Each structure stands twice: as structure tokens, then as C-alpha cells.
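Worksheet for the structure shown next.
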Amino acid sequence: MFVDTEIGATIPRRQYTRYVEYLLVAVLVAVTVVLFFVMGFFSQASAETGETKPQHFAGYVHPNDMGTGALLFPSKEPGSFVEAPRLATDVQIDVNGPILRTRVTQRFQNPSKGWVEGTYVFPLPENSAVDTLKMQIGERFIEGEIKAREEARKVYEEAKAAGKKTALLEQQRPNIFTNQVANIGPGETIVVQIEYQSSVHQSGGAFSLRFPMVVAPRYNPDPIVETVDLDPKSGFAVSDPVPDRGKITAPVLDPAENAKVNPVTLTVNLNAGFPIGTVATPFHETDVQTVDDAARRITLKNGSVPADKDFELSWNAAAGKAPRAGLFRETADGKTYLLGFVTPPTIDATPEMHPKREVIFVIDNSGSMAGKSIEQARESLALAISKLRPEDRFNVIRFDDTMSVHFPSLVPAAPDKREDAIAFVRGLTADGGTEMLPALEAALRTQGSIEPGALRQVVFLTDGAIGNEAQLFAEISKNRGDARVFTVGIGSAPNTHFMTKAAELGRGTFTLIGSEDQVAARMGELFDKLENPAMTDIAVTFEGTNTQDITPNPMPDLYRGEPVVLTAQLDGASAAGKLQITGKTGGQSWHVEMDVAKASEGKGIAKLWARRKIDDLEANAYALNDAAVLDKQIETVALAHHLVSRVTSLVAVDVTPSRPAGQPVAGTEVPLNLPEGWDFEKVFGKKAPQALPEDQRKAALQQSEEQAIVVADRMAAAPTARAASLIAEAGNQVNLPQTATLADRYILIGLMLLAIAVMAASTFGLWRWQMRGLILEARSRVQ
């Protein structure tokens with residue numbers, strides 16, 4: 001018998017033993033139920049994701065879960081987000097005479113606890129010959145291989161599926177590229193290096209280079225649905241002017257709510273090849289170190305800057321030291337490659353050489369031009385109109401997602417007409433979409449025939465923020481007639497590919513205005529070109545026995561201060577002979593010869609020739625009906641010279657898998673800054689106001705220059721269909737498993753703690769009854 005002193009009861013030994021047995025059974029049942037519940041939970045999550053052995057899934061997060069600044073993308077799970085990869089870029093540009101070699105190092109960091117694939121849309125100069133891709137893993141560098149585009153994509157996807165680290169570099173436009181990096185592990189940083197060859201720009205005795213830092217948001221016209229006659233039934237066909245719209249868009253941060261991201265460091269090693277006079281960087285503060293009289297080292301003053309506007313560097317020769325001609329050569333694969341430039345003599349126009357002009361000004365007043373851009377455009381156009389001579393005729397066309405022609409037809413540039421047009425221009429505001437094609441059609445097709453002896457010039461002022469460049473190039477090629485098309489790029493990140501190619505096809509020239517300080521000087525240079533005769537009928541031939549391929553072909557017209565710049569491929573490693581260049585200006589002939597034997601040694605010229613050869617082939621796309629033949633020609637040149645093009649890509653693959661089997665990989669895009677000076681609401685529309693908890697609002701404002709939080713009140717409620725497409729393109733959203741949420745983890749932890757508590761309580765109760773029994777038994781023996 002046992003006596004419980006706390007309750008004063010006497011318990012028989014058999015009853016006590018049965019009680020202990022019942023208690024042990026209850027403990028076992030409780031533990032078994034909890035274990036089955038946990039196993040069932042994991043089983044359900046595994047069934048939902050298709051995984052049989054879930055381990056460390058990439059996790060959903062919520063704004064108030066974040067302890068530090070982070071950039072979040074919305075997922076398909078309402079209210080849940082995924083951390084975006086972070087990016088830092090280092091740029092080194094080496095200038096040797098007229099040739100540039102640039103190395104771009106991109107560091108992708110995965111701040112999340114899961115495996116990710118990062119996609120980054122970034123710009124490069126439109127004339128860049130991209131030939132190198134390297135991926136660094138630890139101390140190892142993996143060299144990228146050039147392949148046909150579809151083959152490279154297949155290699156990349158197979159490597160990604162196998163868990164191998166892999167990178168893919170694709171060209172979407174000559175100045176827009178995408179870099180995809182797959183299987184970046186939790187907390188890992190992957191380094192990708194890109195290298196390209198390009199050439200120095202020359203105009204009016206000045207030399208310059210431009211490195212673009214951000215892809216401005218592009219306006220993509222909606223697909224056109226038209227009724228077609230499908231035999232034997234009628235039906236609908238969809239013609240998309242921007243079939244790759246998903247490839248050239250990326251999430252864009254609202255600067256009102258997010259700090260700027262994607263820091264860039266930049267160094268230029270300038271070896272001009274002649275004594276340097278002045279060096280200028282109009283858009284960035286820099287430190288300039290003098291190496292010798294012909295060399296400078298330029299670095300950013302503050303170390304790094306956010307990627308939100310283009311970097312421009314210009315330099316002049318010391319007085320009387322500017323070269324007027326140069327010829328460089330390189331031997332590669334049994335062939336001789338030449339790069340030559342020569343500046344024709346300036347011929348001052350006489351009154352007889354000034355033809356009557358018919359100038360059609362086209363100004364972009366769409367939403368992307370809001371802010372500083374529209375101010376620069378208005379000032380530039382008002383200045384251009386004021387410079388017209390009374391004998392000239394002119395008109396003004398403005399466009400956003402609508403279009404209007406100011407005068408019914410071309411009018412004489414009398415003072416009252418000029419004043420009326422300037423008042424119209426100064427009253428323009430920027431808003432709406434960028435439907436550029438109707439305005440271009442109006443300028444080229446609806447302004448009547450050209451008067452005898454007159455010269456028609458179309459001057460286009462825009463930032464070129466469009467995705468349907470091919471439509472506009474085709475329009476210029478087919479309907480330009482005898483007109484000349486001049487483009488004026490406005491803003492901090494203009495679409496230089498469109499501006500340059502449109503001017504080339506239009507036999508005009510491209511002028512860039514990046515700030516209000518440049519309006520007077522740059523427009524003055526443009527007036528000088530508009531008012532003076534161009535050098536036409538330019539031809540380049542090679543006097544020798546070697547087979548030759550000279551680019552560009554045909555040679556463009558030149559305007560005052562512009563040099564003839566050419567590249568050539570000659571058969572044989574020891575080519576000899578002379579390049580002969582001829583042209584006409586104002587009825588006067590001009591001729592120059594350049595001896596190949598006296599050419600200086602250069603490096604990378606073969607790449608430049610191949611890049612320009614591809615440009616020539618692309619230019620023929622508007623006249624060639626067989627797209628397959630064109631693509632094959634481009635592919636042959638690109639593969640032979642290891643270049644990225646529209647039909648070839650670079651892919652790098654690590655041979656060792658790093659992502660464990662069964663671990664999912666989440667695809668996210670690296671967000672971009674809004675270009676400096678742009679108005680976010682004018683581009684994307686006004687967002688619907690939504691209330692956020694105060695703690696989330698404060699967390700969103702505590703951001704660093706390299707990190708930001710994209711909060712739910714903007715990203716979840718896209719203001720327009722276009723804004724929504726930036727974050728909701730098929731394949732761009734992140735669909736992660738249910739078990740990836742932090743809430744699920746907390747539930748599991750709670751269940752395990754509950755099981756431990758039940759077992760602890762049961763064990764303590766059992767121990768307590770045992771101790772009581774032992775004490776009572778000892779007392780009974782003593783008594």
C-alpha cells in the first residue's frame with residue numbers, strides 16, 4: 001500500500017502500477033500523433049512541389065521579415081516576395097589611339113537562402129564587338145564559348161537543370177544585352193567578365209567615347225491584330241512590332257521610394273597617340289591623372305556611382321597636334337585587316353552653295369521626355385527654328401501616343417511663322433506613350449514634293465526610348481527619297497543604336513545632347529552641318545592584287561568636321577598597295593591615298609571589321625527577302641571572329657554541379673534605376689494609393705545606396721499594363737513551393753516544441769509518482 005501525503009489517500013500497489021502503465025501509453029500516443037502530423041505536413045509540401053526530398057528551399061519573405069535593406073520581387077503567392085540578386089559593376093576602358101578595349105566585370109550576389117538564377121538587362125555601345133565572356137568561381141576562370149544562339153541557349157538550360165553554374169550572354173539589340181547566371185547558391189557571389197572592342201568617335205577635331213550605364217524603359221507599341229484571308233476561311237493574324245519585348249524590359253525602381261542600386265566603378269586609361277590638350281567628363285565628376293603628354297588616367301571622383309546615366313569622356317589635341325589621317329593594320333588568320341581615318345579639308349560654303357532648305361522638325365513630347373529632357377528638347381528646337389533663313393521652308397510635328405502637324409503644309413520661314421512655331425514648341429508638355437512611327441511617316445510622306453534646287457532635311461529630337469526600331473528603320477529606308485534624316489538624342493540615357501542607325505540610313509548625322517549646358521554648343525555644331533554642303537559620293541578602293549572587303553558599304557555622307565572612318569579585310573598576311581578615297585563637296589572633287597606599307601600596328605582591328613561587316617549585313621535586311629540566308633551570313637562572320645550577335649551567343653559552363661539534387665532554382669531579374677532626369681509617373685502612370693503598416697513604411701525608407709526595398713504598395717499594384725509587363729512577364733514571376741515560407745518553418749518549430757513539452761510533462765509526472773512511491777515504501781518499513 002502507498003500513501004500520498006499531499007492528498008492523504010492510500011493507493012494499492014497494483015493500482016499504482018496500472019496508473020504508471022496508463023501514463024506511459026498516453027505519452028507514447030501523444031508523441032506518435034505529433035510525429036505523424038509533422039510527417040504528413042512534409043509529405044503534403046513534397047507532393048505540391050513534386051520533390052520527394054525537400055531540403056533548403058529558396059524562401060518567400062515579407063517586408064517586415066527583413067532585418068536589413070533588401071530588394072524584393074513579388075511572387076505568385078499573394079503577399080510573398082523573393083529577394084533579388086544584387087549587382088556591382090567595374091569598368092576598365094583602355095584607349096590606344098583610335099581603338100578601345102573595354103572590360104566589364106559584373107558581380108552577382110545572392111542574398112537569399114535559396115538557389116537563384118539572375119537576369120540582368122544592360123547596355124553597351126552600339127558599335128561594340130563583344131568577344132569575351134568569363135565566369136569566375138573561386139580562383140578559377142571559365143572561358144565562354146561562342147555558339148549559334150539556339151545552341152548556346154540549349155547548353156545553358158541543360159547546365160542549369162543539372163545544377164551547374166552557368167552564364168549566358170545574348171544580344172537583344174546592338175546596344176542591349178542580357179546576362180543570365182544560373183545556380184547562384186545561398187549567400188554566394190558569382191563574377192562574370194565581358195570584354196569588347198570598339199573605336200573612338202571623332203567629330204570637329206574632338207575625340208570621345210561613351211559608356212552607357214542603364215537601359216532606359218522602352219515604349220513597345222501593342223501588337224496589331226488584323227483580319228487576313230486564310231484559305232479556305234477568314235481569320236485573324238497578329239503582327240507584333242516588338243516580338244522580343246520580354247527580353248528588353250526589366251523592373252525599374254521608382255526613385256521616390258527606392259535608393260539607387262547597381263553601383264559602378266570606372267577607370268579609363270587614355271593613350272591618345274598625340275599630345276593631349278583638354279579632357280572633359282560632362283556628366284560625372286572625375287579625377288584626371290597625367291601620365292605623360294599623350295596619356296591620362298581618369299577615375300570617378302567618389303569611387304562609384306549608381307548606374308543611372310551614360311558616362312562620356314572627350315579630349316582634344318594640343319594646339320596644332322591633331323592628326324588628320326591615320327592607318328592601322330593587324331594580321332590574323334592569314335588575312336590583313338585595316339582601320340583608317342582621314343578628315344577631308346573644310347570648304348567654306350559660298351552663297352551659291354547654300355541651297356534653299358525644307359526643314360521638317362519632329363519633336364518627341366512623350367512621357368519618357370518629362371523633366372529635363374523636354375526642357376532640353378524645347379530649347380534646342382526653339383534655337384533651331386530661330387536659325388532658319390527667310391528663303392527656307394519648314395514645319396513642326398510633335399508626337400506622344402498622338403501626333404499633330406503644326407502647319408497644314410511647309411511654310412516660308414518668315415519672322416511671324418518662326419515666332420508662331422517657337423510659341424507652339426515652348427507650350428509642349430511631356431506625357432503619354434511614344435508612338436514614333438506615325439510622326440516619322442508624316443515627316444517623310446505628307447509634306448509634299450521637294451521644290452527644284454531645294455534640300456529637304458528631317459530633324460528628329462527624341463530620346464529614342466522605343467522597342468520597335470526595325471519598323472522605323474524600314475520606313476526610313478523605303479520612304480526617305482531625297483531627304484536627309486538628322487537625329488538629335490536627348491537625355492541622360494538615349495537609345496544611341498536607334499539614333500545612329502536612323503541617321504546612317506537617312507544619310508544624315510547624329511547629335512547627342514545630354515544636359516542643358518550642351519544645348520547651345522551641340523546645336524551650333526548641328527547648324528554648321530545643316531547649313532554647309534555635305535561630302536557625298538564617297539568611295540574607297542584598294543589599289544593592289546588582294547581581294548578586298550571594305551566597310552561600311554556604302555560609305556555614308558559626311559558633314560563638316562567628320563572624318564572618313566573605314567575598316568577593310570585583305571587576303572594575305574603581307575598585303576601591299578594603297579587605299580584610295582574620293583568624294584565631292586559643293587561640286588569640288590577630293591582625293592587622298594594611304595599606303596598600306598606605312599600603316600601602324602594595331603590590335604583588335606579584325607574584331608572591328610567583323611562588327612561593321614555584320615552591321616552592313618543587317619542593313620541589307622530591309623532589302624533581302626530571305627531571312628534565313630541573312631542569318632547564315634551573319635552567323636558565319638560572328639563565329640569566325642568569336643563575336644556575340646543577333647544570331648550568336650557566348651555561354652560558359654562549370655563542369656562540376658553545385659546545386660544539390662532536388663533543390664529548386666528561382667529566377668529573378670536584377671532591377672534597373674530610372675535614368676536620371678526621368679519622371680517615373682510620366683513613364684509608368686500614377687499608382688493607386690495603398691496603406692502600409694508604419695513599421696513597413698519606415699523599413700522601406702531605411703535604405704543604402706546599394707540596396708532598396710520594393711514594397712508591396714507599388715510592385716503589387718502595377719499602374720498600367722505596360723508597368724505590369726515589367727514584373728509579370730510569363731516566366732519572370734517566381735513560383736516557389738509552399739514549404740518555402742517562413743511561416744511554415746515557424747509552425748514546424750512550434751509543433752516540435754509542443755512534442756518536447758508533452759514528453760517533458762509526462763516524464764516529470766511519472767518521476768513524481770515514482771518518488772512518492774519510494775518515499776512511502778521506505779516510511780512503511782521504518783514503522
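Each chain in the C-alpha cells gets a letter, A, B and so on, in the order shown; residues start at 1 in every chain, and ligands are counted from 1 in the order they appear.
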Problem - Spatial neighbours of Phe283 in chain A, 10 Å, only C-alpha atoms, chain gap at least 4 places, as a PyMOL selection string - result: chain A and resi 309-313+492+514-515
How would the residues just chosen look if you wrote them out with N, CA, C and O atoms as a PDB file, in the first residue's frame?
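Output file out01.pdb follows:
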ATOM      1  N   LYS A 309      22.940  56.921 -65.623  1.00  0.00           N
ATOM      2  CA  LYS A 309      23.160  57.811 -66.769  1.00  0.00           C
ATOM      3  C   LYS A 309      24.466  57.416 -67.446  1.00  0.00           C
ATOM      4  O   LYS A 309      25.347  56.808 -66.834  1.00  0.00           O
ATOM      5  N   ASP A 310      24.574  57.778 -68.716  1.00  0.00           N
ATOM      6  CA  ASP A 310      25.744  57.400 -69.510  1.00  0.00           C
ATOM      7  C   ASP A 310      26.972  58.195 -69.079  1.00  0.00           C
ATOM      8  O   ASP A 310      26.882  59.353 -68.660  1.00  0.00           O
ATOM      9  N   PHE A 311      28.128  57.534 -69.214  1.00  0.00           N
ATOM     10  CA  PHE A 311      29.416  58.194 -68.963  1.00  0.00           C
ATOM     11  C   PHE A 311      29.994  58.644 -70.298  1.00  0.00           C
ATOM     12  O   PHE A 311      30.042  57.874 -71.251  1.00  0.00           O
ATOM     13  N   GLU A 312      30.425  59.889 -70.371  1.00  0.00           N
ATOM     14  CA  GLU A 312      31.019  60.424 -71.590  1.00  0.00           C
ATOM     15  C   GLU A 312      32.369  61.046 -71.270  1.00  0.00           C
ATOM     16  O   GLU A 312      32.507  61.780 -70.290  1.00  0.00           O
ATOM     17  N   LEU A 313      33.364  60.736 -72.109  1.00  0.00           N
ATOM     18  CA  LEU A 313      34.702  61.316 -71.988  1.00  0.00           C
ATOM     19  C   LEU A 313      35.095  61.888 -73.340  1.00  0.00           C
ATOM     20  O   LEU A 313      34.951  61.231 -74.367  1.00  0.00           O
ATOM     21  N   SER A 492      19.733  61.643 -70.487  1.00  0.00           N
ATOM     22  CA  SER A 492      20.884  61.032 -69.819  1.00  0.00           C
ATOM     23  C   SER A 492      21.175  59.620 -70.297  1.00  0.00           C
ATOM     24  O   SER A 492      22.268  59.110 -70.050  1.00  0.00           O
ATOM     25  N   GLY A 514      23.214  65.741 -73.793  1.00  0.00           N
ATOM     26  CA  GLY A 514      22.970  65.055 -72.529  1.00  0.00           C
ATOM     27  C   GLY A 514      22.615  65.976 -71.383  1.00  0.00           C
ATOM     28  O   GLY A 514      22.215  65.504 -70.316  1.00  0.00           O
ATOM     29  N   SER A 515      22.757  67.283 -71.558  1.00  0.00           N
ATOM     30  CA  SER A 515      22.421  68.224 -70.493  1.00  0.00           C
ATOM     31  C   SER A 515      22.108  69.578 -71.116  1.00  0.00           C
ATOM     32  O   SER A 515      22.436  69.847 -72.277  1.00  0.00           O
TER      33      SER A 515
END
With 12 Å as the cut-off and only C-alpha atoms counted, what is the closest atom pair between each nearby residue of range 487-596 of chain A and range 360-374 of chain A? Distances in Å to one decimal, ordered by chain and number, as CSV.
residue,atom,partner,partner_atom,distance
A:Thr487,CA,A:Val362,CA,9.5
A:Val488,CA,A:Ile363,CA,9.6
A:Gly489,CA,A:Ser373,CA,9.7
A:Ile490,CA,A:Ser373,CA,6.0
A:Gly491,CA,A:Ser373,CA,5.1
A:Ser492,CA,A:Ser373,CA,8.2
A:Ala493,CA,A:Ser373,CA,10.2
A:Pro494,CA,A:Ser373,CA,10.1
A:Asn495,CA,A:Ser368,CA,11.9
A:Leu512,CA,A:Ser373,CA,11.9
A:Ile513,CA,A:Ser373,CA,9.3
A:Gly514,CA,A:Ser373,CA,8.5
A:Ser515,CA,A:Lys372,CA,7.9
A:Glu516,CA,A:Lys372,CA,7.9
A:Asp517,CA,A:Lys372,CA,11.4
A:Val519,CA,A:Ser373,CA,11.1
Practice task
Fewer than 5 positions away in the same chain doesn't count, so skip those; otherwise give me all residues within 10 Å of Ile184 in chain A, counting only C-alpha atoms, as a PyMOL selection string.
Solution key: chain A and resi 85+108-112+114-118+163-166+189-190+658-659+665-666
Store the residues picked out above in a file with N, CA, C and O atoms, as a PDB file, in the first residue's frame.
ATOM      1  N   PRO A  85      18.733  39.322 -56.773  1.00  0.00           N
ATOM      2  CA  PRO A  85      20.202  39.352 -56.736  1.00  0.00           C
ATOM      3  C   PRO A  85      20.698  40.801 -56.713  1.00  0.00           C
ATOM      4  O   PRO A  85      20.060  41.693 -57.260  1.00  0.00           O
ATOM      5  N   PHE A 108      27.463  39.284 -59.297  1.00  0.00           N
ATOM      6  CA  PHE A 108      26.109  38.931 -58.900  1.00  0.00           C
ATOM      7  C   PHE A 108      26.147  38.317 -57.500  1.00  0.00           C
ATOM      8  O   PHE A 108      26.803  37.292 -57.292  1.00  0.00           O
ATOM      9  N   GLN A 109      25.442  38.909 -56.551  1.00  0.00           N
ATOM     10  CA  GLN A 109      25.379  38.374 -55.196  1.00  0.00           C
ATOM     11  C   GLN A 109      23.957  37.899 -54.902  1.00  0.00           C
ATOM     12  O   GLN A 109      22.980  38.594 -55.178  1.00  0.00           O
ATOM     13  N   ASN A 110      23.858  36.704 -54.350  1.00  0.00           N
ATOM     14  CA  ASN A 110      22.562  36.135 -53.965  1.00  0.00           C
ATOM     15  C   ASN A 110      22.384  36.314 -52.460  1.00  0.00           C
ATOM     16  O   ASN A 110      23.004  35.602 -51.675  1.00  0.00           O
ATOM     17  N   PRO A 111      21.542  37.261 -52.020  1.00  0.00           N
ATOM     18  CA  PRO A 111      21.386  37.498 -50.583  1.00  0.00           C
ATOM     19  C   PRO A 111      20.394  36.554 -49.919  1.00  0.00           C
ATOM     20  O   PRO A 111      20.240  36.578 -48.701  1.00  0.00           O
ATOM     21  N   SER A 112      19.709  35.728 -50.711  1.00  0.00           N
ATOM     22  CA  SER A 112      18.645  34.887 -50.161  1.00  0.00           C
ATOM     23  C   SER A 112      19.210  33.575 -49.630  1.00  0.00           C
ATOM     24  O   SER A 112      20.401  33.288 -49.721  1.00  0.00           O
ATOM     25  N   GLY A 114      18.057  30.668 -50.727  1.00  0.00           N
ATOM     26  CA  GLY A 114      17.778  29.647 -51.734  1.00  0.00           C
ATOM     27  C   GLY A 114      18.679  29.817 -52.942  1.00  0.00           C
ATOM     28  O   GLY A 114      19.496  30.737 -53.019  1.00  0.00           O
ATOM     29  N   TRP A 115      18.554  28.944 -53.917  1.00  0.00           N
ATOM     30  CA  TRP A 115      19.328  28.981 -55.161  1.00  0.00           C
ATOM     31  C   TRP A 115      18.581  29.822 -56.181  1.00  0.00           C
ATOM     32  O   TRP A 115      17.365  29.664 -56.354  1.00  0.00           O
ATOM     33  N   VAL A 116      19.300  30.712 -56.868  1.00  0.00           N
ATOM     34  CA  VAL A 116      18.630  31.619 -57.783  1.00  0.00           C
ATOM     35  C   VAL A 116      19.324  31.651 -59.140  1.00  0.00           C
ATOM     36  O   VAL A 116      20.486  31.274 -59.289  1.00  0.00           O
ATOM     37  N   GLU A 117      18.561  32.134 -60.120  1.00  0.00           N
ATOM     38  CA  GLU A 117      19.069  32.465 -61.452  1.00  0.00           C
ATOM     39  C   GLU A 117      18.816  33.953 -61.660  1.00  0.00           C
ATOM     40  O   GLU A 117      17.673  34.408 -61.585  1.00  0.00           O
ATOM     41  N   GLY A 118      19.876  34.717 -61.886  1.00  0.00           N
ATOM     42  CA  GLY A 118      19.735  36.155 -62.077  1.00  0.00           C
ATOM     43  C   GLY A 118      19.788  36.532 -63.544  1.00  0.00           C
ATOM     44  O   GLY A 118      20.587  35.989 -64.303  1.00  0.00           O
ATOM     45  N   GLY A 163      22.253  21.546 -62.340  1.00  0.00           N
ATOM     46  CA  GLY A 163      22.794  22.127 -61.120  1.00  0.00           C
ATOM     47  C   GLY A 163      24.159  22.754 -61.280  1.00  0.00           C
ATOM     48  O   GLY A 163      24.807  23.094 -60.288  1.00  0.00           O
ATOM     49  N   LYS A 164      24.625  22.945 -62.528  1.00  0.00           N
ATOM     50  CA  LYS A 164      25.949  23.520 -62.761  1.00  0.00           C
ATOM     51  C   LYS A 164      25.847  25.046 -62.864  1.00  0.00           C
ATOM     52  O   LYS A 164      24.876  25.574 -63.406  1.00  0.00           O
ATOM     53  N   LYS A 165      26.855  25.718 -62.364  1.00  0.00           N
ATOM     54  CA  LYS A 165      26.908  27.160 -62.534  1.00  0.00           C
ATOM     55  C   LYS A 165      27.166  27.461 -64.002  1.00  0.00           C
ATOM     56  O   LYS A 165      28.057  26.891 -64.628  1.00  0.00           O
ATOM     57  N   THR A 166      26.382  28.395 -64.549  1.00  0.00           N
ATOM     58  CA  THR A 166      26.474  28.677 -65.977  1.00  0.00           C
ATOM     59  C   THR A 166      26.063  30.112 -66.244  1.00  0.00           C
ATOM     60  O   THR A 166      25.263  30.695 -65.497  1.00  0.00           O
ATOM     61  N   THR A 189      28.527  34.808 -54.329  1.00  0.00           N
ATOM     62  CA  THR A 189      28.785  35.860 -55.312  1.00  0.00           C
ATOM     63  C   THR A 189      29.467  35.226 -56.526  1.00  0.00           C
ATOM     64  O   THR A 189      30.470  34.531 -56.377  1.00  0.00           O
ATOM     65  N   ILE A 190      28.895  35.454 -57.701  1.00  0.00           N
ATOM     66  CA  ILE A 190      29.467  34.956 -58.953  1.00  0.00           C
ATOM     67  C   ILE A 190      29.964  36.150 -59.764  1.00  0.00           C
ATOM     68  O   ILE A 190      29.250  37.142 -59.927  1.00  0.00           O
ATOM     69  N   SER A 658      26.884  22.162 -58.632  1.00  0.00           N
ATOM     70  CA  SER A 658      26.995  22.766 -57.309  1.00  0.00           C
ATOM     71  C   SER A 658      25.656  22.786 -56.567  1.00  0.00           C
ATOM     72  O   SER A 658      25.635  22.772 -55.345  1.00  0.00           O
ATOM     73  N   ARG A 659      24.559  22.820 -57.302  1.00  0.00           N
ATOM     74  CA  ARG A 659      23.244  22.816 -56.646  1.00  0.00           C
ATOM     75  C   ARG A 659      22.841  21.373 -56.357  1.00  0.00           C
ATOM     76  O   ARG A 659      22.765  20.556 -57.273  1.00  0.00           O
ATOM     77  N   VAL A 665      15.520  26.134 -58.237  1.00  0.00           N
ATOM     78  CA  VAL A 665      16.203  27.383 -58.533  1.00  0.00           C
ATOM     79  C   VAL A 665      15.156  28.407 -58.949  1.00  0.00           C
ATOM     80  O   VAL A 665      14.317  28.144 -59.809  1.00  0.00           O
ATOM     81  N   ALA A 666      15.166  29.569 -58.287  1.00  0.00           N
ATOM     82  CA  ALA A 666      14.184  30.615 -58.546  1.00  0.00           C
ATOM     83  C   ALA A 666      14.777  31.651 -59.487  1.00  0.00           C
ATOM     84  O   ALA A 666      15.908  32.091 -59.306  1.00  0.00           O
TER      85      ALA A 666
END
Exercise for the section: Determine which residues of range 429-559 of chain A receive a DSSP assignment of strand (DSSP E or B), computed from the backbone, and state them as a PyMOL selection string. Expected result: chain A and resi 454-462+466+484-490+510-513+535-543+548-551+558
Take the residues from that selection and write them out as an mmCIF file, in the first residue's frame, keeping C-alpha atoms.
data_model
loop_
_atom_site.group_PDB
_atom_site.id
_atom_site.type_symbol
_atom_site.label_atom_id
_atom_site.label_comp_id
_atom_site.auth_asym_id
_atom_site.auth_seq_id
_atom_site.Cartn_x
_atom_site.Cartn_y
_atom_site.Cartn_z
ATOM 1 C CA ALA A 454 15.916 72.666 -102.562
ATOM 2 C CA LEU A 455 17.442 70.340 -99.939
ATOM 3 C CA ARG A 456 14.980 68.590 -97.596
ATOM 4 C CA GLN A 457 16.153 67.815 -94.068
ATOM 5 C CA VAL A 458 14.209 65.985 -91.347
ATOM 6 C CA VAL A 459 15.474 66.788 -87.836
ATOM 7 C CA PHE A 460 14.294 64.293 -85.201
ATOM 8 C CA LEU A 461 14.572 65.276 -81.490
ATOM 9 C CA THR A 462 13.923 62.324 -79.176
ATOM 10 C CA ILE A 466 11.278 52.582 -78.184
ATOM 11 C CA ARG A 484 18.267 63.644 -95.255
ATOM 12 C CA VAL A 485 17.403 62.490 -91.712
ATOM 13 C CA PHE A 486 19.258 64.054 -88.772
ATOM 14 C CA THR A 487 18.740 62.719 -85.260
ATOM 15 C CA VAL A 488 19.237 64.637 -82.018
ATOM 16 C CA GLY A 489 19.489 62.401 -78.949
ATOM 17 C CA ILE A 490 18.104 63.965 -75.781
ATOM 18 C CA PHE A 510 23.596 62.085 -85.129
ATOM 19 C CA THR A 511 23.982 64.769 -82.439
ATOM 20 C CA LEU A 512 23.849 63.977 -78.722
ATOM 21 C CA ILE A 513 22.652 66.434 -76.050
ATOM 22 C CA MET A 535 30.739 65.453 -98.760
ATOM 23 C CA THR A 536 28.915 62.985 -100.988
ATOM 24 C CA ASP A 537 29.743 60.233 -103.447
ATOM 25 C CA ILE A 538 32.442 58.913 -101.107
ATOM 26 C CA ALA A 539 34.150 55.809 -102.448
ATOM 27 C CA VAL A 540 37.032 53.706 -101.097
ATOM 28 C CA THR A 541 39.015 51.322 -103.282
ATOM 29 C CA PHE A 542 42.186 49.309 -102.790
ATOM 30 C CA GLU A 543 44.922 49.511 -105.408
ATOM 31 C CA GLN A 548 39.157 43.230 -100.548
ATOM 32 C CA ASP A 549 36.111 43.698 -98.360
ATOM 33 C CA ILE A 550 35.720 47.308 -97.186
ATOM 34 C CA THR A 551 33.176 48.539 -94.609
ATOM 35 C CA LEU A 558 29.979 63.267 -94.302
#
Handout entry: Who sits within 9 Å of range 295-305 of chain A, only C-alpha atoms, same chain under 3 positions skipped, as a list in words
Key = Asp90, Asn262, Pro263, Val264, Thr265, Leu266, Thr267, Val268, Asn269, Leu270, Asn271, Ala272, Gly273, Phe274, Pro275, Ile276, Val279, His284, Glu285, Thr286, Asp287, Val288, Gln289, Thr290, Val291, Asp292 and Asp308 of chain A
Completion exercise
Min atom-atom distance to Lys417 in chain A from the set A:Val396, A:Leu440, A:Ala325, A:Ala465, counting only C-alpha atoms, belongs to A:Val396
Practice task
Considering only C-alpha atoms, state which residue in the set A:Ala317, A:Val670, A:Leu383, A:Val647 is at the smallest distance from Gly204 in chain A.
Solution key: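 Looking only at the distances to Gly204 in chain A, the closest residue turns out to be A:Ala317.
The spacing separating CA of Glu83 in chain A from CA of Lys113 in chain A amounts to 9.2 Å.
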Handout entry: range 120-126 of chain A environment, 7 Å, only C-alpha atoms, sequence neighbours closer than 4 positions dropped, as a VMD selection string
Key = chain A and resid 174 to 180 211 to 215 248 250 496 to 497 669 to 670
Write the selection just made, keeping C-alpha atoms, as a PDB file, in the first residue's frame?
ATOM      1  CA  PRO A 174      23.266  46.091 -80.879  1.00  0.00           C
ATOM      2  CA  ASN A 175      23.221  48.209 -77.690  1.00  0.00           C
ATOM      3  CA  ILE A 176      21.132  45.954 -75.372  1.00  0.00           C
ATOM      4  CA  PHE A 177      22.456  42.700 -73.930  1.00  0.00           C
ATOM      5  CA  THR A 178      21.233  40.240 -71.323  1.00  0.00           C
ATOM      6  CA  ASN A 179      23.402  38.263 -68.956  1.00  0.00           C
ATOM      7  CA  GLN A 180      21.854  35.240 -67.244  1.00  0.00           C
ATOM      8  CA  PHE A 211      29.887  54.110 -71.913  1.00  0.00           C
ATOM      9  CA  PRO A 212      26.131  53.572 -71.346  1.00  0.00           C
ATOM     10  CA  MET A 213      25.161  52.506 -67.824  1.00  0.00           C
ATOM     11  CA  VAL A 214      21.413  51.888 -67.903  1.00  0.00           C
ATOM     12  CA  VAL A 215      18.804  50.637 -70.366  1.00  0.00           C
ATOM     13  CA  ILE A 248      14.410  44.186 -73.418  1.00  0.00           C
ATOM     14  CA  ALA A 250      13.336  44.828 -66.670  1.00  0.00           C
ATOM     15  CA  THR A 496      22.010  55.538 -79.397  1.00  0.00           C
ATOM     16  CA  HIS A 497      21.505  52.434 -81.550  1.00  0.00           C
ATOM     17  CA  GLU A 669      15.702  39.848 -62.632  1.00  0.00           C
ATOM     18  CA  VAL A 670      18.174  42.462 -61.494  1.00  0.00           C
TER      19      VAL A 670
END
Completion exercise
A straight line from CA of Arg560 in chain A to CA of Leu209 in chain A spans 19.6 Å
Practice task
Identify, with DSSP run on backbone atoms, the residues in range 66-198 of chain A assigned to helix (DSSP H, G or I), and express the list as an MDAnalysis selection string.
Solution key: chainID A and resid 149:161
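Put simply, CA of Thr446 in chain A is 19.8 Å away from CA of Arg507 in chain A.
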Handout entry: Which residue of A:Ala520, A:Thr119, A:Pro675, A:Arg149 approaches Val181 in chain A most closely, using only C-alpha atoms
Key =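 Of the candidates, the smallest distance to Val181 in chain A is held by A:Thr119.
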Handout entry: Nearest to Asp557 in chain A, chosen from A:Leu505, A:Ala606, A:Leu617, A:Ala439, with only C-alpha atoms counted in the distances
Key =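 For Asp557 in chain A, the nearest of the given residues is A:Leu505.
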Could you name the residues that touch Val200 in chain A at 10 Å or less, counting only C-alpha atoms, but leaving out those on the same chain fewer than 3 positions away, as a PDB file with C-alpha atoms, in the first residue's frame?
ATOM      1  CA  VAL A  95      42.247  53.669 -75.204  1.00  0.00           C
ATOM      2  CA  ASN A  96      45.123  53.171 -77.646  1.00  0.00           C
ATOM      3  CA  GLY A  97      44.917  55.715 -80.448  1.00  0.00           C
ATOM      4  CA  PRO A  98      41.595  55.175 -82.248  1.00  0.00           C
ATOM      5  CA  ILE A  99      40.919  51.745 -80.657  1.00  0.00           C
ATOM      6  CA  LEU A 100      39.102  50.967 -77.386  1.00  0.00           C
ATOM      7  CA  PHE A 207      37.687  62.726 -79.775  1.00  0.00           C
ATOM      8  CA  SER A 208      35.245  60.979 -77.454  1.00  0.00           C
ATOM      9  CA  LEU A 209      33.919  57.753 -76.022  1.00  0.00           C
ATOM     10  CA  ARG A 210      30.639  56.933 -74.345  1.00  0.00           C
ATOM     11  CA  ALA A 272      45.684  59.190 -77.302  1.00  0.00           C
ATOM     12  CA  SER A 314      36.039  63.740 -74.594  1.00  0.00           C
TER      13      SER A 314
END
